[in-house]
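Undergrad: Provided herewith: data_26.txt, compact mmCIF, C-alpha atoms.
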# COMPACT_ATOMS: atom_id res chain seq x y z
CA MET A 1251 -25.64 1.04 -5.15
CA ASP A 1252 -26.06 4.75 -4.35
CA PHE A 1253 -22.72 6.50 -3.81
CA ASP A 1254 -24.23 9.98 -3.43
CA LEU A 1255 -23.76 11.67 -0.07
CA SER A 1256 -26.76 12.27 2.15
CA GLU A 1257 -27.79 15.80 3.08
CA GLU A 1258 -26.06 15.48 6.46
CA GLN A 1259 -22.88 14.11 4.88
CA THR A 1260 -22.85 16.92 2.33
CA MET A 1261 -23.18 19.45 5.14
CA LEU A 1262 -20.29 17.80 6.98
CA LYS A 1263 -18.12 17.91 3.86
CA ASP A 1264 -18.93 21.56 3.21
CA SER A 1265 -18.31 22.56 6.84
CA VAL A 1266 -14.92 20.86 7.07
CA GLU A 1267 -13.73 22.13 3.70
CA ARG A 1268 -14.86 25.67 4.51
CA LEU A 1269 -13.00 25.66 7.83
CA LEU A 1270 -9.80 24.38 6.25
CA LYS A 1271 -10.00 26.75 3.29
CA ASP A 1272 -10.37 29.73 5.60
CA GLN A 1273 -7.76 28.77 8.20
CA TYR A 1274 -5.47 26.10 6.79
CA GLY A 1275 -3.77 27.44 3.71
CA PHE A 1276 -0.20 26.39 3.04
CA GLU A 1277 1.31 29.42 4.79
CA ALA A 1278 -1.02 29.00 7.75
CA ARG A 1279 -0.01 25.34 7.99
CA SER A 1280 3.61 26.36 8.28
CA LYS A 1281 2.73 28.59 11.24
CA HIS A 1282 0.64 25.85 12.87
CA GLY A 1283 3.70 23.60 12.88
CA THR A 1284 5.93 26.00 14.78
CA GLY A 1285 4.38 25.28 18.20
CA GLU A 1286 5.96 22.97 20.72
CA ALA A 1287 3.49 20.17 19.97
CA GLY A 1288 3.95 20.59 16.22
CA TYR A 1289 0.32 21.55 15.56
CA SER A 1290 -2.30 24.15 16.42
CA ASP A 1291 -4.27 23.82 19.66
CA LYS A 1292 -6.63 26.48 18.29
CA MET A 1293 -7.46 24.33 15.28
CA TRP A 1294 -7.84 21.27 17.49
CA ASN A 1295 -10.44 23.12 19.56
CA GLN A 1296 -12.24 24.17 16.39
CA TYR A 1297 -12.39 20.55 15.27
CA ALA A 1298 -14.00 19.79 18.62
CA GLU A 1299 -16.52 22.62 18.25
CA LEU A 1300 -17.44 21.34 14.81
CA GLY A 1301 -18.01 17.86 16.26
CA LEU A 1302 -15.22 16.17 14.32
CA LEU A 1303 -13.53 14.72 17.41
CA ALA A 1304 -16.82 13.12 18.47
CA LEU A 1305 -17.64 11.87 14.98
CA PRO A 1306 -16.79 8.12 15.10
CA PHE A 1307 -17.96 7.47 18.67
CA ALA A 1308 -21.41 6.12 19.51
CA GLU A 1309 -23.99 8.57 20.81
CA GLU A 1310 -24.39 6.64 24.06
CA ASP A 1311 -20.64 7.07 24.67
CA GLY A 1312 -20.68 10.83 24.13
CA GLY A 1313 -20.09 10.87 20.39
CA ILE A 1314 -22.07 11.62 17.26
CA GLY A 1315 -22.34 8.13 15.82
CA GLY A 1316 -20.77 8.75 12.43
CA GLY A 1317 -19.75 5.83 10.26
CA ALA A 1318 -17.08 4.94 7.72
CA THR A 1319 -18.41 7.39 5.12
CA GLU A 1320 -18.21 10.32 7.53
CA THR A 1321 -14.67 9.33 8.49
CA MET A 1322 -13.74 9.12 4.80
CA ILE A 1323 -15.16 12.60 4.18
CA VAL A 1324 -13.18 14.16 7.02
CA MET A 1325 -9.92 12.36 6.27
CA GLU A 1326 -10.09 13.30 2.59
CA ALA A 1327 -10.55 16.96 3.55
CA PHE A 1328 -7.70 16.73 6.05
CA GLY A 1329 -5.48 15.22 3.37
CA GLY A 1330 -6.20 18.09 1.03
CA ALA A 1331 -5.13 20.57 3.71
CA LEU A 1332 -2.15 18.54 5.00
CA ILE A 1333 -3.31 19.00 8.59
CA LEU A 1334 -0.78 18.53 11.38
CA GLU A 1335 -3.17 17.84 14.27
CA PRO A 1336 -3.38 14.32 15.82
CA PHE A 1337 -6.85 13.42 14.54
CA PHE A 1338 -5.68 10.14 13.05
CA ALA A 1339 -3.49 9.18 16.03
CA SER A 1340 -5.96 10.08 18.74
CA ILE A 1341 -9.45 9.69 17.28
CA ILE A 1342 -8.99 6.98 14.64
CA LEU A 1343 -6.31 4.79 16.25
CA ALA A 1344 -6.63 5.15 20.02
CA GLY A 1345 -10.31 5.99 19.71
CA GLY A 1346 -10.84 2.91 17.57
CA VAL A 1347 -9.43 0.68 20.31
CA LEU A 1348 -11.79 2.24 22.85
CA ARG A 1349 -14.77 1.91 20.54
CA HIS A 1350 -14.19 -1.78 19.89
CA ALA A 1351 -12.79 -3.03 23.19
CA GLY A 1352 -13.23 -0.47 25.96
CA ASN A 1353 -15.60 -1.26 28.80
CA ALA A 1354 -18.36 1.09 29.94
CA ASP A 1355 -16.23 2.73 32.62
CA GLN A 1356 -13.30 3.32 30.27
CA LYS A 1357 -15.53 4.80 27.59
CA ALA A 1358 -17.29 7.04 30.10
CA ALA A 1359 -13.99 8.29 31.51
CA LEU A 1360 -12.19 8.90 28.21
CA ILE A 1361 -14.44 9.39 25.19
CA PRO A 1362 -16.28 12.57 26.32
CA ALA A 1363 -12.93 14.20 27.12
CA MET A 1364 -11.55 13.15 23.72
CA ALA A 1365 -14.64 14.47 21.97
CA GLU A 1366 -14.34 17.89 23.61
CA GLY A 1367 -10.63 18.08 22.79
CA SER A 1368 -9.27 18.11 26.34
CA LEU A 1369 -7.75 14.61 26.13
CA LYS A 1370 -5.38 13.35 23.45
CA MET A 1371 -4.33 9.71 23.19
CA ALA A 1372 -1.89 7.69 21.12
CA PHE A 1373 -1.75 4.01 20.18
CA ALA A 1374 1.68 2.46 20.84
CA CYS A 1375 1.34 -0.74 18.82
CA ALA A 1376 4.51 -0.98 16.70
CA GLU A 1377 7.94 -2.15 17.87
CA PRO A 1378 11.45 -1.67 16.42
CA GLN A 1379 11.81 -5.30 15.31
CA GLY A 1380 8.24 -5.74 14.10
CA ARG A 1381 8.16 -3.55 10.97
CA TYR A 1382 4.57 -3.95 9.65
CA ASP A 1383 3.66 -7.00 11.79
CA LEU A 1384 1.73 -5.56 14.73
CA TYR A 1385 1.51 -9.01 16.33
CA ASP A 1386 5.30 -9.00 16.72
CA VAL A 1387 5.23 -7.83 20.35
CA GLU A 1388 8.21 -8.22 22.68
CA THR A 1389 6.93 -5.74 25.25
CA THR A 1390 5.76 -7.73 28.26
CA ALA A 1391 3.13 -7.22 30.92
CA THR A 1392 3.77 -9.34 34.01
CA LYS A 1393 1.19 -9.91 36.70
CA ASP A 1394 1.79 -7.93 39.90
CA GLY A 1395 -1.01 -8.56 42.35
CA ASP A 1396 -4.20 -7.31 40.74
CA GLY A 1397 -2.27 -5.25 38.20
CA TRP A 1398 0.68 -5.58 35.83
CA VAL A 1399 4.24 -4.37 35.35
CA ILE A 1400 5.03 -3.41 31.75
CA ASN A 1401 8.50 -3.44 30.17
CA GLY A 1402 9.48 -2.86 26.54
CA LYS A 1403 9.93 -0.39 23.68
CA LYS A 1404 7.50 1.07 21.17
CA ALA A 1405 8.46 2.65 17.86
CA LEU A 1406 6.94 5.35 15.66
CA VAL A 1407 4.11 6.19 18.04
CA LEU A 1408 2.25 8.85 16.06
CA HIS A 1409 1.95 12.03 18.15
CA GLY A 1410 3.11 10.02 21.13
CA ASP A 1411 5.16 12.94 22.43
CA SER A 1412 2.10 15.15 23.00
CA ALA A 1413 -0.45 12.52 24.06
CA ASP A 1414 -1.94 12.61 27.56
CA LYS A 1415 -2.50 8.86 27.64
CA LEU A 1416 -1.14 5.89 25.72
CA ILE A 1417 -2.77 2.64 24.70
CA VAL A 1418 0.02 0.05 24.72
CA SER A 1419 0.08 -3.49 23.36
CA ALA A 1420 2.03 -5.90 25.57
CA ARG A 1421 2.48 -9.64 25.70
CA THR A 1422 0.93 -11.44 28.65
CA ALA A 1423 1.48 -14.93 27.21
CA GLY A 1424 3.04 -16.78 24.28
CA ASN A 1425 6.05 -16.12 22.09
CA ALA A 1426 7.09 -12.84 20.49
CA ARG A 1427 5.32 -13.39 17.14
CA ASP A 1428 2.21 -15.20 18.35
CA GLU A 1429 -1.12 -13.56 17.63
CA ASP A 1430 -2.50 -14.99 20.86
CA GLY A 1431 -1.32 -13.68 24.19
CA ILE A 1432 -1.35 -9.93 23.40
CA SER A 1433 -3.14 -7.54 25.74
CA LEU A 1434 -3.92 -3.81 25.63
CA PHE A 1435 -3.38 -1.35 28.48
CA ILE A 1436 -4.10 2.33 29.13
CA ILE A 1437 -1.10 4.16 30.55
CA ASP A 1438 -0.67 7.76 31.65
CA ALA A 1439 1.91 9.27 29.31
CA ASP A 1440 3.79 10.83 32.24
CA ALA A 1441 3.65 7.74 34.46
CA GLU A 1442 6.79 6.68 36.28
CA GLY A 1443 8.95 4.52 34.01
CA VAL A 1444 7.65 6.01 30.74
CA THR A 1445 10.29 7.74 28.61
CA ARG A 1446 9.27 9.51 25.41
CA ASN A 1447 11.67 10.67 22.73
CA GLY A 1448 9.70 12.87 20.34
CA TYR A 1449 10.84 13.89 16.88
CA PRO A 1450 9.50 15.41 13.65
CA THR A 1451 8.72 13.03 10.82
CA GLN A 1452 9.64 13.67 7.19
CA ASP A 1453 6.15 14.93 6.37
CA GLY A 1454 6.09 17.59 9.09
CA LEU A 1455 4.11 15.66 11.70
CA ARG A 1456 5.35 14.26 15.01
CA ALA A 1457 6.08 10.81 16.43
CA ALA A 1458 7.91 9.32 19.41
CA GLU A 1459 10.00 6.37 20.46
CA ILE A 1460 8.72 5.20 23.84
CA ALA A 1461 10.50 3.13 26.46
CA LEU A 1462 8.56 1.41 29.24
CA GLN A 1463 10.60 0.41 32.26
CA SER A 1464 8.75 -1.28 35.13
CA VAL A 1465 5.59 0.73 34.49
CA LYS A 1466 2.94 -0.31 36.99
CA VAL A 1467 -0.74 -0.27 36.06
CA GLY A 1468 -3.85 -1.35 37.91
CA PRO A 1469 -6.54 -3.81 36.85
CA ASP A 1470 -8.63 -0.99 35.40
CA ALA A 1471 -5.90 -0.34 32.81
CA LEU A 1472 -6.64 -3.54 30.87
CA ILE A 1473 -8.72 -3.01 27.72
CA GLY A 1474 -10.80 -6.02 26.74
CA SER A 1475 -9.85 -9.57 27.68
CA GLU A 1476 -6.35 -10.52 28.74
CA GLY A 1477 -4.38 -12.16 25.93
CA GLU A 1478 -7.10 -11.66 23.31
CA ALA A 1479 -6.24 -8.27 21.85
CA TRP A 1480 -5.08 -9.28 18.38
CA PRO A 1481 -8.55 -9.28 16.74
CA VAL A 1482 -9.05 -5.76 18.12
CA ILE A 1483 -5.64 -4.54 16.93
CA SER A 1484 -6.20 -6.09 13.50
CA ARG A 1485 -9.62 -4.52 13.13
CA VAL A 1486 -8.46 -1.08 14.26
CA ALA A 1487 -5.50 -1.30 11.86
CA ASP A 1488 -7.79 -2.14 8.94
CA GLU A 1489 -10.09 0.78 9.75
CA ALA A 1490 -7.04 3.01 10.10
CA ILE A 1491 -5.75 1.94 6.68
CA ALA A 1492 -9.08 2.86 5.09
CA ALA A 1493 -8.83 6.28 6.76
CA LEU A 1494 -5.26 6.73 5.50
CA CYS A 1495 -6.40 5.86 1.99
CA ALA A 1496 -9.03 8.60 2.20
CA GLU A 1497 -6.39 11.06 3.37
CA ALA A 1498 -4.20 10.06 0.43
CA VAL A 1499 -7.06 10.70 -2.00
CA GLY A 1500 -7.37 14.20 -0.56
CA CYS A 1501 -3.65 14.72 -1.12
CA PHE A 1502 -3.81 13.32 -4.66
CA GLU A 1503 -6.71 15.58 -5.60
CA LYS A 1504 -4.86 18.66 -4.37
CA MET A 1505 -1.65 17.61 -6.14
CA HIS A 1506 -3.58 17.21 -9.39
CA GLU A 1507 -5.28 20.58 -8.90
CA LEU A 1508 -2.01 22.40 -8.16
CA THR A 1509 -0.33 20.78 -11.16
CA LEU A 1510 -3.13 21.79 -13.54
CA GLU A 1511 -2.96 25.37 -12.24
CA TYR A 1512 0.79 25.43 -12.82
CA LEU A 1513 0.47 24.04 -16.36
CA LYS A 1514 -2.08 26.76 -17.18
CA THR A 1515 0.08 29.60 -15.88
CA ARG A 1516 3.72 28.62 -16.55
CA SER A 1517 4.86 30.00 -19.91
CA GLN A 1518 7.65 28.66 -22.11
CA PHE A 1519 8.43 29.17 -25.82
CA GLY A 1520 5.81 31.89 -25.94
CA THR A 1521 2.90 29.80 -24.67
CA THR A 1522 1.65 28.07 -21.52
CA ILE A 1523 3.16 24.64 -21.03
CA GLY A 1524 -0.33 23.24 -20.51
CA SER A 1525 -0.86 23.57 -24.25
CA PHE A 1526 1.74 20.87 -24.91
CA GLN A 1527 -0.05 17.60 -25.63
CA ALA A 1528 2.62 15.44 -24.00
CA LEU A 1529 2.14 17.28 -20.70
CA GLN A 1530 -1.63 17.03 -21.02
CA HIS A 1531 -1.28 13.27 -21.31
CA ARG A 1532 0.77 13.17 -18.10
CA ALA A 1533 -1.88 15.24 -16.31
CA VAL A 1534 -4.50 12.75 -17.50
CA ASP A 1535 -2.40 9.89 -16.13
CA MET A 1536 -2.47 11.64 -12.74
CA PHE A 1537 -6.26 11.96 -12.94
CA VAL A 1538 -6.66 8.26 -13.78
CA GLU A 1539 -4.58 7.28 -10.75
CA LEU A 1540 -6.61 9.66 -8.58
CA GLU A 1541 -9.92 8.15 -9.65
CA GLN A 1542 -8.67 4.58 -9.26
CA SER A 1543 -7.53 5.43 -5.75
CA ARG A 1544 -10.84 7.08 -4.95
CA SER A 1545 -12.81 4.05 -6.10
CA MET A 1546 -10.68 1.61 -4.10
CA THR A 1547 -10.90 3.86 -1.03
CA MET A 1548 -14.68 3.92 -1.22
CA TYR A 1549 -14.69 0.13 -1.48
CA ALA A 1550 -12.33 -0.25 1.47
CA SER A 1551 -14.34 2.20 3.57
CA MET A 1552 -17.53 0.22 2.97
CA LEU A 1553 -15.94 -3.05 4.11
CA ALA A 1554 -13.51 -1.76 6.76
CA THR A 1555 -16.16 -1.69 9.47
CA GLY A 1556 -17.58 -5.11 8.62
CA ASP A 1557 -17.36 -8.17 10.85
CA ASP A 1558 -15.90 -10.45 8.17
CA ALA A 1559 -12.18 -10.17 8.94
CA VAL A 1560 -11.07 -11.82 5.68
CA GLU A 1561 -13.21 -9.64 3.41
CA ARG A 1562 -12.15 -6.59 5.39
CA ALA A 1563 -8.47 -7.48 5.01
CA ARG A 1564 -8.87 -8.09 1.28
CA ALA A 1565 -10.52 -4.74 0.70
CA VAL A 1566 -8.12 -2.61 2.73
CA SER A 1567 -5.01 -4.35 1.37
CA ALA A 1568 -6.20 -3.88 -2.20
CA ALA A 1569 -6.89 -0.21 -1.52
CA LYS A 1570 -3.57 0.34 0.25
CA ALA A 1571 -1.68 -1.31 -2.61
CA GLN A 1572 -3.45 0.98 -5.07
CA ILE A 1573 -2.69 4.03 -2.93
CA GLY A 1574 0.99 3.11 -2.77
CA GLU A 1575 1.32 2.71 -6.51
CA SER A 1576 -0.70 5.86 -7.24
CA ALA A 1577 1.40 7.86 -4.78
CA LYS A 1578 4.48 7.08 -6.83
CA VAL A 1579 2.87 8.01 -10.16
CA ILE A 1580 1.08 11.16 -8.98
CA GLY A 1581 3.99 12.32 -6.86
CA ARG A 1582 6.51 11.81 -9.65
CA GLU A 1583 4.40 13.57 -12.26
CA ALA A 1584 3.47 16.45 -9.95
CA VAL A 1585 7.07 17.22 -9.03
CA GLN A 1586 8.43 16.78 -12.56
CA LEU A 1587 5.72 18.90 -14.18
CA HIS A 1588 6.44 21.66 -11.68
CA GLY A 1589 10.13 21.54 -12.52
CA GLY A 1590 12.63 22.94 -10.04
CA VAL A 1591 10.04 24.76 -7.94
CA GLY A 1592 8.50 21.41 -7.09
CA MET A 1593 11.57 20.53 -5.03
CA THR A 1594 11.54 23.66 -2.87
CA MET A 1595 10.34 23.83 0.72
CA GLU A 1596 8.53 27.08 -0.06
CA TYR A 1597 6.12 25.43 -2.48
CA ALA A 1598 3.32 23.10 -1.43
CA ILE A 1599 3.69 20.28 -3.95
CA GLY A 1600 6.82 18.80 -2.38
CA HIS A 1601 5.12 18.65 1.00
CA TYR A 1602 2.22 16.71 -0.50
CA PHE A 1603 4.74 14.34 -2.08
CA LYS A 1604 6.37 13.79 1.32
CA ARG A 1605 3.03 13.10 2.99
CA THR A 1606 1.85 10.64 0.34
CA THR A 1607 5.19 8.84 0.57
CA MET A 1608 4.66 8.46 4.31
CA LEU A 1609 1.07 7.33 3.75
CA ASP A 1610 2.37 4.56 1.50
CA ILE A 1611 4.63 3.31 4.30
CA LEU A 1612 2.28 3.64 7.27
CA PHE A 1613 0.71 0.29 8.24
CA GLY A 1614 2.38 -1.46 5.32
CA ASP A 1615 3.56 -0.29 1.92
CA ALA A 1616 2.22 -1.41 -1.45
CA ASN A 1617 4.47 -4.49 -1.63
CA HIS A 1618 3.45 -5.59 1.87
CA HIS A 1619 -0.24 -5.37 1.03
CA LEU A 1620 0.14 -7.07 -2.33
CA LYS A 1621 1.76 -9.97 -0.48
CA ARG A 1622 -1.02 -9.95 2.11
CA LEU A 1623 -3.63 -9.92 -0.65
CA ALA A 1624 -1.96 -12.87 -2.36
CA GLN A 1625 -1.99 -14.82 0.90
CA LEU A 1626 -5.74 -14.15 1.07
CA ASP A 1627 -6.19 -15.55 -2.48
CA GLY A 1628 -6.73 -12.18 -4.08
CA LEU A 1629 -9.46 -9.57 -3.91
CA ILE A 1630 -12.22 -11.65 -5.48
CA ARG A 1631 -13.12 -15.09 -4.15
CA GLU A 1632 -13.04 -17.87 -6.72
CA ASP A 1633 -16.50 -19.05 -5.67
CA SER A 1634 -18.04 -15.58 -5.98
Render the structure in this file as structure tokens.

TA:
Amino acid sequence: MDFDLSEEQTMLKDSVERLLKDQYGFEARSKHGTGEAGYSDKMWNQYAELGLLALPFAEEDGGIGGGATETMIVMEAFGGALILEPFFASIILAGGVLRHAGNADQKAALIPAMAEGSLKMAFACAEPQGRYDLYDVETTATKDGDGWVINGKKALVLHGDSADKLIVSARTAGNARDEDGISLFIIDADAEGVTRNGYPTQDGLRAAEIALQSVKVGPDALIGSEGEAWPVISRVADEAIAALCAEAVGCFEKMHELTLEYLKTRSQFGTTIGSFQALQHRAVDMFVELEQSRSMTMYASMLATGDDAVERARAVSAAKAQIGESAKVIGREAVQLHGGVGMTMEYAIGHYFKRTTMLDILFGDANHHLKRLAQLDGLIREDS
């Protein structure tokens, strides 16, 4: 199997990395986060000009038609720069729902605006009691004529405080933890009955707790078929996990690079500490974890867009478990090898450690995905 990038993919990688190198250094990132939204609108518009916001959408819907490899390339670059903008929340999550379940009218009304950067969306799929189980939905949508009335609470809605529209999962039938009976709705973020409580997350990004009280929506707000949203949610979550794994690889690579630079420049006992064999071994351990994570991410990215739900789940859970374990090893070694400076807010390495810790938790930590993988009888089928 050929893992080399095509000419177009190489150009994409070079373009994104050049943009971030020029305009997203660590000090610049700190300035980008001072705005009210917690990120840079200027950078968001530049992503749009570069075509990144249109990347995963089909050409007939106003996108570029990129695939899993292109998404992996962009997310890895974004991880290396620790970007603050809502690419993952809007384009990967909410955009993924539209790609897989939106009808022609919904795609025509929303995707071109998302691609040009004028519309930001968020996917409100998690609830306070649900933890990692996205099918645990207590939010209800009750029929009201041709439309619905939605009531409930959503937790940790990534960039939900700055989104223009929300995609909300709500139960139209069944019990709270049934996979059947869940529906998806598009809601204006400033609609009557919507309350958003935004806050900064530990890694410098933004999220919101959202309350929905008697929010009325029309029939055109329903995405896909009523009560049959779980396969869509599950698929979007798996694709999102693969994207998060790619972002983590970008973080890991930068953490390894920064640590090597520090070992080569920090002097102690009359020599650079990088000359000490014990520290060299620890740097090698970081590199091994990085390459294992990269390999599993490539595997997950290849299968994340497939139609076989079981194989897809196996691949992404195996990758996410690897990412979680590698985040602990690489993060620990990076901070310890930097010494006291690694714990300061003024130095980048601690911020990478925070982000990779959050990446481990998002959509299920390593233990959650190891358990999921065990329930699926492991990564490799016995009959294969």

Undergrad: Closest to Leu1609 in chain A among A:Gly1628, A:Gly1312, A:Gly1574, A:Gly1410, using all atoms listed in the file?

TA: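 Closest candidate: A:Gly1574.
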
Undergrad: So which residues touch range 1540-1550 of chain A within 10 Å, counting all atoms listed in the file, skipping near sequence neighbours fewer than 5 positions away, as JSON, numbers by chain?

TA: {"A": [1253, 1318, 1319, 1322, 1326, 1488, 1489, 1491, 1492, 1493, 1494, 1495, 1496, 1497, 1498, 1499, 1500, 1501, 1502, 1503, 1505, 1506, 1534, 1535, 1555, 1561, 1562, 1563, 1564, 1565, 1566, 1567, 1568, 1569, 1570, 1571, 1572, 1573, 1574, 1575, 1576, 1577, 1579, 1580]}

Undergrad: Which distance in Å separates CA of Leu1629 in chain A and CA of Met1552 in chain A, to one decimal?

TA: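 Rounded to one decimal, the two atoms are 14.4 Å apart.
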
Undergrad: Looking at only C-alpha atoms, which of A:Ile1436, A:Met1364, A:Ala1331, A:Val1324 is the one that sits closest to Ala1298 in chain A?

TA: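 With only C-alpha atoms as the atom set, the closest residue is A:Met1364.
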
Undergrad: Would you compute the distance between CA of Gly1590 in chain A and CA of Val1538 in chain A? Give it in Å to one decimal.

TA: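 We find that CA of Gly1590 in chain A and CA of Val1538 in chain A lie 24.5 Å from each other.
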
Undergrad: What's the separation between CA of Ile1314 in chain A and CA of Gln1296 in chain A, in Å to one decimal place?

TA: 16.0 Å

Undergrad: With all atoms listed in the file as the basis for distance, which of A:Leu1508, A:Ala1344, A:Leu1553, A:Ala1461 is at the shortest distance from Lys1357 in chain A?

TA: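 Checking each of A:Leu1508, A:Ala1344, A:Leu1553, A:Ala1461 against Lys1357 in chain A, counting all atoms listed in the file, the winner is A:Ala1344.
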
Undergrad: Taking into account only C-alpha atoms, which residue in the set A:His1588, A:Lys1604, A:Arg1349, A:Lys1281 is nearest to Arg1485 in chain A?

TA: A:Arg1349

Undergrad: Of the residues A:Trp1398, A:Leu1455, A:Ser1265, A:Leu1416, which is the one nearest to Ala1441 in chain A, using only C-alpha atoms?

TA: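 Once distances to Ala1441 in chain A are computed over only C-alpha atoms, the minimum belongs to A:Leu1416.
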
Undergrad: Show which residues sit within 12 Å of Glu1511 in chain A, as a PyMOL selection string. Count all atoms listed in the file, and ignore same-chain residues fewer than 6 positions away.

TA: chain A and resi 1504-1505+1517+1522-1524+1533+1584+1587-1588+1599

Undergrad: Using only C-alpha atoms, pick whichever of A:Leu1343, A:Leu1300, A:Ile1611, A:Ile1432 has the shortest atom-to-atom distance to Ser1475 in chain A.

TA: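 Result for the nearest residue to Ser1475 in chain A: A:Ile1432.
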
Undergrad: So that I can see what lies close to His1409 in chain A, please list as number ranges by chain the residues with an atom at most 12 Å from it, counting all atoms listed in the file and leaving out residues fewer than 5 positions away in the same chain.

TA: A: 1286-1289, 1334-1341, 1343-1344, 1370-1374, 1414-1416, 1439, 1446-1451, 1454-1460

Undergrad: Would you pick out the contacts of Val1467 in chain A at 7 Å or less, using all atoms listed in the file, so that residues sharing its chain but fewer than 3 positions from it are not included, and give the list as a list in words?

TA: Gly1397, Trp1398, Val1399 and Ala1471 of chain A

Undergrad: Name all residues at most 12 Å from Asp1355 in chain A (count all atoms listed in the file; drop same-chain ones fewer than 2 positions away) and give them as a PyMOL selection string.

TA: chain A and resi 1311+1348+1351-1353+1357-1362+1470-1474
